>>> print(open('upload_34.cif').read())   # mmCIF, C-alpha atoms
data_data
loop_
_atom_site.label_atom_id
_atom_site.label_comp_id
_atom_site.auth_asym_id
_atom_site.auth_seq_id
_atom_site.Cartn_x
_atom_site.Cartn_y
_atom_site.Cartn_z
CA MET A 1 15.57 29.88 -27.03
CA ALA A 2 15.65 32.58 -24.39
CA GLU A 3 16.50 31.54 -20.85
CA ASP A 4 13.46 33.27 -19.35
CA PHE A 5 11.18 31.07 -21.50
CA VAL A 6 12.83 27.87 -20.30
CA GLN A 7 12.51 29.01 -16.69
CA ARG A 8 8.73 29.27 -16.72
CA PRO A 9 7.13 26.97 -14.10
CA ILE A 10 4.79 24.13 -15.06
CA ARG A 11 1.27 24.99 -13.90
CA THR A 12 -0.97 22.37 -12.27
CA ALA A 13 -4.35 22.40 -10.54
CA GLY A 14 -2.55 22.56 -7.20
CA GLY A 15 -0.32 25.48 -8.21
CA ASP A 16 3.05 25.91 -9.89
CA VAL A 17 5.56 23.07 -9.89
CA ILE A 18 8.99 24.67 -10.01
CA THR A 19 11.02 22.62 -12.45
CA PRO A 20 14.80 23.17 -12.52
CA LEU A 21 16.12 24.89 -15.63
CA TYR A 22 18.45 22.00 -16.48
CA HIS A 23 15.50 19.60 -16.40
CA LYS A 24 13.41 21.69 -18.77
CA ILE A 25 16.29 21.62 -21.25
CA LEU A 26 16.48 17.85 -20.72
CA LEU A 27 12.78 17.51 -21.59
CA ILE A 28 13.23 19.52 -24.79
CA LEU A 29 16.22 17.45 -25.88
CA LYS A 30 14.42 14.21 -24.97
CA GLU A 31 11.44 15.19 -27.11
CA ARG A 32 13.74 16.00 -30.00
CA ILE A 33 15.41 12.60 -29.70
CA GLU A 34 12.03 10.84 -29.69
CA GLN A 35 11.01 12.78 -32.82
CA GLY A 36 14.23 11.87 -34.63
CA TYR A 37 15.54 15.43 -34.64
CA TYR A 38 19.16 14.27 -34.37
CA ALA A 39 18.72 10.99 -36.24
CA GLU A 40 20.95 11.98 -39.16
CA THR A 41 24.07 12.42 -37.03
CA GLY A 42 23.11 10.23 -34.05
CA VAL A 43 24.77 12.67 -31.66
CA LEU A 44 23.78 15.70 -29.60
CA PRO A 45 25.10 19.16 -30.49
CA SER A 46 28.14 20.20 -28.48
CA GLU A 47 27.60 21.68 -25.04
CA HIS A 48 28.88 25.00 -26.41
CA ASP A 49 26.23 24.98 -29.15
CA LEU A 50 23.50 24.06 -26.65
CA CYS A 51 24.58 26.93 -24.38
CA GLU A 52 24.25 29.30 -27.33
CA GLU A 53 20.85 27.92 -28.35
CA PHE A 54 19.24 28.00 -24.91
CA GLY A 55 21.07 31.05 -23.61
CA VAL A 56 22.24 29.29 -20.44
CA SER A 57 25.51 28.53 -18.70
CA ARG A 58 27.80 25.58 -19.46
CA ILE A 59 27.06 24.22 -15.97
CA THR A 60 23.32 24.07 -16.72
CA VAL A 61 23.78 22.29 -20.05
CA SER A 62 26.32 19.88 -18.57
CA ARG A 63 23.84 18.95 -15.83
CA SER A 64 21.12 18.33 -18.45
CA VAL A 65 23.34 16.06 -20.51
CA ARG A 66 24.56 14.21 -17.41
CA GLU A 67 20.96 13.52 -16.36
CA MET A 68 20.17 12.28 -19.87
CA ALA A 69 23.08 9.86 -19.61
CA GLU A 70 21.78 8.60 -16.27
CA LEU A 71 18.35 8.05 -17.88
CA GLY A 72 19.98 5.99 -20.64
CA LEU A 73 19.16 8.47 -23.41
CA VAL A 74 22.75 9.26 -24.35
CA VAL A 75 26.27 7.92 -23.85
CA ARG A 76 29.02 10.36 -22.89
CA LYS A 77 32.72 9.79 -23.52
CA ARG A 78 35.49 12.24 -22.71
CA GLY A 79 36.79 13.87 -25.86
CA ALA A 80 34.01 12.47 -28.06
CA ALA A 81 30.55 13.57 -29.16
CA THR A 82 27.60 12.60 -26.95
CA ARG A 83 25.99 9.62 -28.70
CA ILE A 84 22.21 9.15 -28.66
CA VAL A 85 20.60 5.87 -27.60
CA SER A 86 16.91 5.17 -27.14
CA PRO A 87 16.13 1.92 -25.23
CA THR A 88 12.33 2.28 -25.31
CA ILE A 89 9.60 -0.31 -25.06
CA SER A 90 7.13 0.33 -27.86
CA PRO A 91 4.47 -2.39 -28.12
CA THR A 92 1.74 -2.08 -30.71
CA ILE A 93 -1.64 -2.19 -28.96
CA PRO A 94 -4.10 -4.14 -31.14
CA GLY A 95 -7.87 -3.78 -31.17
CA ASP A 96 -8.59 -7.50 -30.77
CA ILE A 97 -8.88 -8.51 -27.09
CA ASP A 98 -7.02 -11.81 -27.52
CA ASP A 99 -4.11 -10.05 -29.21
CA PHE A 100 -4.25 -7.35 -26.53
CA ILE A 101 -3.90 -9.92 -23.74
CA GLU A 102 -1.05 -11.64 -25.55
CA ASN A 103 0.68 -8.28 -25.96
CA VAL A 104 0.38 -7.38 -22.26
CA VAL A 105 1.50 -10.84 -21.12
CA ASP A 106 4.50 -10.67 -23.46
CA LEU A 107 5.46 -7.27 -22.04
CA GLY A 108 5.32 -8.82 -18.57
CA LYS A 109 7.72 -11.55 -19.65
CA ARG A 110 10.20 -9.06 -21.11
CA SER A 111 10.29 -6.89 -18.00
CA THR A 112 10.61 -7.24 -14.23
CA VAL A 113 8.25 -6.00 -11.53
CA ARG A 114 8.68 -4.86 -7.94
CA VAL A 115 5.72 -4.68 -5.54
CA LEU A 116 5.72 -1.51 -3.43
CA GLU A 117 2.36 -1.98 -1.70
CA PHE A 118 -0.08 -4.87 -1.36
CA GLY A 119 -3.22 -5.18 0.74
CA PHE A 120 -6.97 -4.65 0.99
CA VAL A 121 -8.71 -1.28 1.20
CA SER A 122 -12.24 0.11 1.11
CA ALA A 123 -13.09 1.08 -2.44
CA ASN A 124 -13.31 4.82 -3.03
CA HIS A 125 -15.84 6.34 -5.43
CA ASP A 126 -13.70 5.88 -8.57
CA VAL A 127 -12.94 2.25 -7.76
CA GLN A 128 -16.58 1.51 -6.88
CA SER A 129 -17.67 2.93 -10.22
CA ALA A 130 -15.01 1.05 -12.20
CA LEU A 131 -15.45 -2.35 -10.53
CA LYS A 132 -19.22 -2.02 -9.92
CA VAL A 133 -18.90 -2.90 -6.25
CA LYS A 134 -20.97 -1.66 -3.33
CA GLN A 135 -20.03 1.35 -1.26
CA GLY A 136 -17.41 0.43 1.33
CA ALA A 137 -16.62 -2.91 -0.32
CA GLU A 138 -13.11 -4.25 0.20
CA VAL A 139 -10.86 -4.57 -2.84
CA GLN A 140 -7.30 -5.69 -3.32
CA ARG A 141 -4.94 -2.82 -4.04
CA ALA A 142 -1.39 -3.27 -5.31
CA VAL A 143 1.23 -0.73 -6.32
CA ARG A 144 4.03 -1.98 -8.53
CA VAL A 145 6.91 -0.63 -10.58
CA ARG A 146 7.84 -2.40 -13.80
CA SER A 147 11.38 -2.15 -15.20
CA TYR A 148 13.08 -2.95 -18.49
CA ARG A 149 16.84 -3.57 -18.66
CA GLY A 150 17.13 -2.46 -15.06
CA SER A 151 15.39 0.88 -15.59
CA PRO A 152 11.84 1.57 -14.29
CA PHE A 153 9.35 2.58 -16.97
CA SER A 154 5.87 2.20 -15.43
CA TYR A 155 4.13 2.78 -12.10
CA LEU A 156 1.00 0.65 -11.72
CA THR A 157 -1.82 0.93 -9.19
CA SER A 158 -4.30 -1.93 -9.59
CA TYR A 159 -7.59 -2.86 -7.91
CA LEU A 160 -9.30 -6.26 -7.95
CA PRO A 161 -12.67 -7.39 -6.54
CA GLU A 162 -12.17 -8.98 -3.13
CA ASP A 163 -12.95 -12.57 -4.18
CA ILE A 164 -10.34 -12.41 -6.95
CA GLY A 165 -7.81 -10.51 -4.87
CA ARG A 166 -7.96 -13.02 -2.00
CA ALA A 167 -6.74 -15.73 -4.36
CA LEU A 168 -3.51 -13.86 -5.09
CA SER A 169 -0.47 -13.17 -2.92
CA ARG A 170 2.16 -10.47 -2.97
CA ASP A 171 4.61 -13.00 -4.41
CA ASP A 172 2.19 -13.75 -7.26
CA MET A 173 2.18 -10.08 -8.22
CA GLU A 174 5.98 -10.11 -8.59
CA VAL A 175 6.26 -12.97 -11.07
CA SER A 176 3.62 -12.33 -13.72
CA SER A 177 1.47 -9.70 -15.39
CA LEU A 178 -1.93 -9.20 -13.79
CA LEU A 179 -3.77 -10.28 -16.93
CA GLY A 180 -1.63 -13.41 -16.99
CA LEU A 181 -2.62 -14.15 -13.39
CA LEU A 182 -6.30 -13.70 -14.20
CA GLU A 183 -5.98 -16.14 -17.10
CA ASP A 184 -4.23 -18.65 -14.83
CA MET A 185 -7.30 -18.39 -12.54
CA ASN A 186 -9.49 -19.40 -15.53
CA ILE A 187 -11.07 -15.95 -15.69
CA ASN A 188 -12.01 -15.45 -19.32
CA ILE A 189 -11.32 -11.88 -20.42
CA GLY A 190 -14.04 -10.53 -22.67
CA SER A 191 -13.26 -6.84 -23.11
CA ALA A 192 -11.20 -3.90 -21.92
CA GLU A 193 -11.82 -0.18 -21.98
CA GLN A 194 -9.11 2.37 -21.40
CA SER A 195 -8.40 6.08 -21.55
CA VAL A 196 -5.10 7.85 -22.24
CA SER A 197 -4.10 11.19 -20.75
CA ALA A 198 -1.12 13.02 -19.28
CA ALA A 199 0.12 13.45 -15.72
CA LEU A 200 3.07 14.89 -13.81
CA ALA A 201 5.38 12.86 -11.58
CA ASP A 202 4.64 13.66 -7.95
CA PRO A 203 6.80 13.15 -4.82
CA GLN A 204 5.68 9.49 -4.68
CA THR A 205 5.82 8.42 -8.33
CA GLY A 206 8.87 10.47 -9.28
CA PRO A 207 11.38 8.65 -7.06
CA ALA A 208 9.84 5.28 -7.91
CA LEU A 209 10.31 5.96 -11.63
CA GLU A 210 13.65 7.66 -11.03
CA VAL A 211 12.57 10.96 -12.59
CA PRO A 212 12.35 14.46 -11.06
CA VAL A 213 9.04 15.65 -9.65
CA GLY A 214 7.13 17.49 -12.37
CA THR A 215 8.27 15.22 -15.20
CA PRO A 216 5.46 14.69 -17.76
CA LEU A 217 4.19 11.09 -17.81
CA LEU A 218 1.80 9.12 -19.99
CA ALA A 219 -1.26 8.08 -17.94
CA ILE A 220 -3.55 5.15 -18.78
CA GLU A 221 -6.67 4.00 -16.93
CA ARG A 222 -8.08 0.59 -17.85
CA VAL A 223 -11.09 -1.47 -16.82
CA VAL A 224 -10.98 -5.15 -17.79
CA ARG A 225 -14.18 -7.25 -17.90
CA ASP A 226 -14.76 -10.97 -18.18
CA THR A 227 -17.00 -12.64 -20.77
CA ASP A 228 -20.00 -12.07 -18.46
CA ASP A 229 -19.23 -8.33 -18.55
CA ARG A 230 -18.14 -8.29 -14.91
CA PRO A 231 -15.29 -5.87 -14.13
CA VAL A 232 -12.35 -7.95 -12.87
CA GLU A 233 -9.56 -5.36 -12.88
CA TYR A 234 -9.18 -1.61 -12.63
CA ILE A 235 -5.69 -0.27 -13.16
CA ARG A 236 -3.97 3.09 -13.42
CA ILE A 237 -0.56 3.16 -15.11
CA LEU A 238 1.96 5.98 -15.34
CA TYR A 239 4.65 5.58 -18.00
CA ARG A 240 7.96 7.33 -18.46
CA THR A 241 7.80 8.72 -21.99
CA ASP A 242 11.54 8.30 -22.50
CA LYS A 243 11.20 4.56 -21.87
CA TYR A 244 7.78 3.70 -23.26
CA LYS A 245 5.90 4.64 -26.42
CA TYR A 246 2.25 3.84 -26.93
CA ARG A 247 1.39 2.61 -30.41
CA MET A 248 -2.00 1.40 -31.61
CA ARG A 249 -2.86 -0.68 -34.66
CA MET A 250 -6.21 -0.01 -36.32
CA ASP A 251 -7.61 -2.35 -38.97
CA LYS A 252 -10.35 -1.49 -41.41
CA LYS A 253 -13.55 -3.39 -40.68
CA GLU A 254 -14.80 -5.47 -43.56
CA VAL A 255 -18.32 -4.53 -44.65
#
>>> encode(input="upload_34.cif", output="structure tokens")
Amino acid sequence: MAEDFVQRPIRTAGGDVITPLYHKILLILKERIEQGYYAETGVLPSEHDLCEEFGVSRITVSRSVREMAELGLVVRKRGAATRIVSPTISPTIPGDIDDFIENVVDLGKRSTVRVLEFGFVSANHDVQSALKVKQGAEVQRAVRVRSYRGSPFSYLTSYLPEDIGRALSRDDMEVSSLLGLLEDMNINIGSAEQSVSAALADPQTGPALEVPVGTPLLAIERVVRDTDDRPVEYIRILYRTDKYKYRMRMDKKEV
């Protein structure tokens, strides 16, 4: 691959995000690992071979591989090939709401969470629409980072109606998944609707997820409703794609 191709900036609505050359190579290698490109050998090509393939300097390739090691994608040992590892969380998302809740609660138990922000704010237009609250209504807003094996993999921004949010504390948000907390409050979950898209790490989310600004992320927006069809949670989640894979199970409906 020619160096000038790898150096192209990532374009966003706000303009170009200049991504370092070493990081673009990192993203290509990460995608290959996720697709099983090196599965047969379990190791990366030598730095010399990568320099030849991408048409870049040894310093650039070495920086890419070093960053991959820091992200937990590979293990480097002096005098040995760079071994590939892939410590990802990959839950299967079922269509049944009860199984969905169980899945999310189980993920919460297998990971740790850190609360970055917690408080009450006036709902903006998107939150008003999602939670079906009046203009200017107060809602609880929390920003959290969830980690697995000591490495952050998701950045969560959640909103709750005021009456539900007032019953929860910052400490509560650090010890359980939000759906688990709602169940503990005897709120019966009836349905959930979510959308999946892509996003780029910005100067706020990048450091929190320990990735460079401009890194592609998996973005999920979800509205959870109780059995009376009242929205009880609106959440936006950004996932590191090297740490989290989204899988969905679909069953054929019996006629």
>>> resolve_selection(input="upload_34.cif", expression="the PyMOL selection byres ((chain A and resi 206) around 12)", output="count of residues only")
26
>>> atom_distance(input="upload_34.cif", atom1="atom CA of A:Glu233", atom2="atom CA of A:Leu131")
7.0 Å
>>> resolve_selection(input="upload_34.cif", expression="the PyMOL selection byres ((chain A and resi 59-64) around 8)", output="PyMOL selection string")
chain A and resi 21-23+25-26+47+50-51+56-58+65-68
>>> atom_distance(input="upload_34.cif", atom1="atom CA of A:Val143", atom2="atom CA of A:Phe118")
6.6 Å
>>> atom_distance(input="upload_34.cif", atom1="atom CA of A:Gly119", atom2="atom CA of A:Ala137")
13.6 Å
>>> resolve_selection(input="upload_34.cif", expression="the PyMOL selection byres ((chain A and resi 189) around 9)", output="VMD selection string")
chain A and resid 97 to 98 101 179 182 to 183 187 to 188 190 to 192 224 to 229 232
>>> residues_around(input="upload_34.cif", residues="A:Val133", least_positions_apart="2", cutoff="12 Å", atoms="all atoms listed in the file", output="PDB file with C-alpha atoms, in the frame of the given file")
ATOM      1  CA  SER A 122     -12.240   0.110   1.110  1.00  0.00           C
ATOM      2  CA  ALA A 123     -13.090   1.080  -2.440  1.00  0.00           C
ATOM      3  CA  ASN A 124     -13.310   4.820  -3.030  1.00  0.00           C
ATOM      4  CA  HIS A 125     -15.840   6.340  -5.430  1.00  0.00           C
ATOM      5  CA  ASP A 126     -13.700   5.880  -8.570  1.00  0.00           C
ATOM      6  CA  VAL A 127     -12.940   2.250  -7.760  1.00  0.00           C
ATOM      7  CA  GLN A 128     -16.580   1.510  -6.880  1.00  0.00           C
ATOM      8  CA  SER A 129     -17.670   2.930 -10.220  1.00  0.00           C
ATOM      9  CA  ALA A 130     -15.010   1.050 -12.200  1.00  0.00           C
ATOM     10  CA  LEU A 131     -15.450  -2.350 -10.530  1.00  0.00           C
ATOM     11  CA  GLN A 135     -20.030   1.350  -1.260  1.00  0.00           C
ATOM     12  CA  GLY A 136     -17.410   0.430   1.330  1.00  0.00           C
ATOM     13  CA  ALA A 137     -16.620  -2.910  -0.320  1.00  0.00           C
ATOM     14  CA  GLU A 138     -13.110  -4.250   0.200  1.00  0.00           C
ATOM     15  CA  VAL A 139     -10.860  -4.570  -2.840  1.00  0.00           C
ATOM     16  CA  TYR A 159      -7.590  -2.860  -7.910  1.00  0.00           C
ATOM     17  CA  LEU A 160      -9.300  -6.260  -7.950  1.00  0.00           C
ATOM     18  CA  PRO A 161     -12.670  -7.390  -6.540  1.00  0.00           C
ATOM     19  CA  GLU A 162     -12.170  -8.980  -3.130  1.00  0.00           C
ATOM     20  CA  ASP A 163     -12.950 -12.570  -4.180  1.00  0.00           C
ATOM     21  CA  ARG A 230     -18.140  -8.290 -14.910  1.00  0.00           C
ATOM     22  CA  PRO A 231     -15.290  -5.870 -14.130  1.00  0.00           C
ATOM     23  CA  VAL A 232     -12.350  -7.950 -12.870  1.00  0.00           C
ATOM     24  CA  GLU A 233      -9.560  -5.360 -12.880  1.00  0.00           C
ATOM     25  CA  TYR A 234      -9.180  -1.610 -12.630  1.00  0.00           C
TER      26      TYR A 234
END
>>> closest_residue(input="upload_34.cif", among="A:Ser176, A:Ser158, A:Ser197, A:Ser111", to="A:Ile235", atoms="only C-alpha atoms")
A:Ser158
>>> axis_aligned_box(input="upload_34.cif", around="stretch 48-60 of chain A", padding_each_side="6 Å", output="AutoDock Vina command-line options")
--center_x 24.1 --center_y 27.6 --center_z -22.6 --size_x 21.6 --size_y 19.0 --size_z 25.2
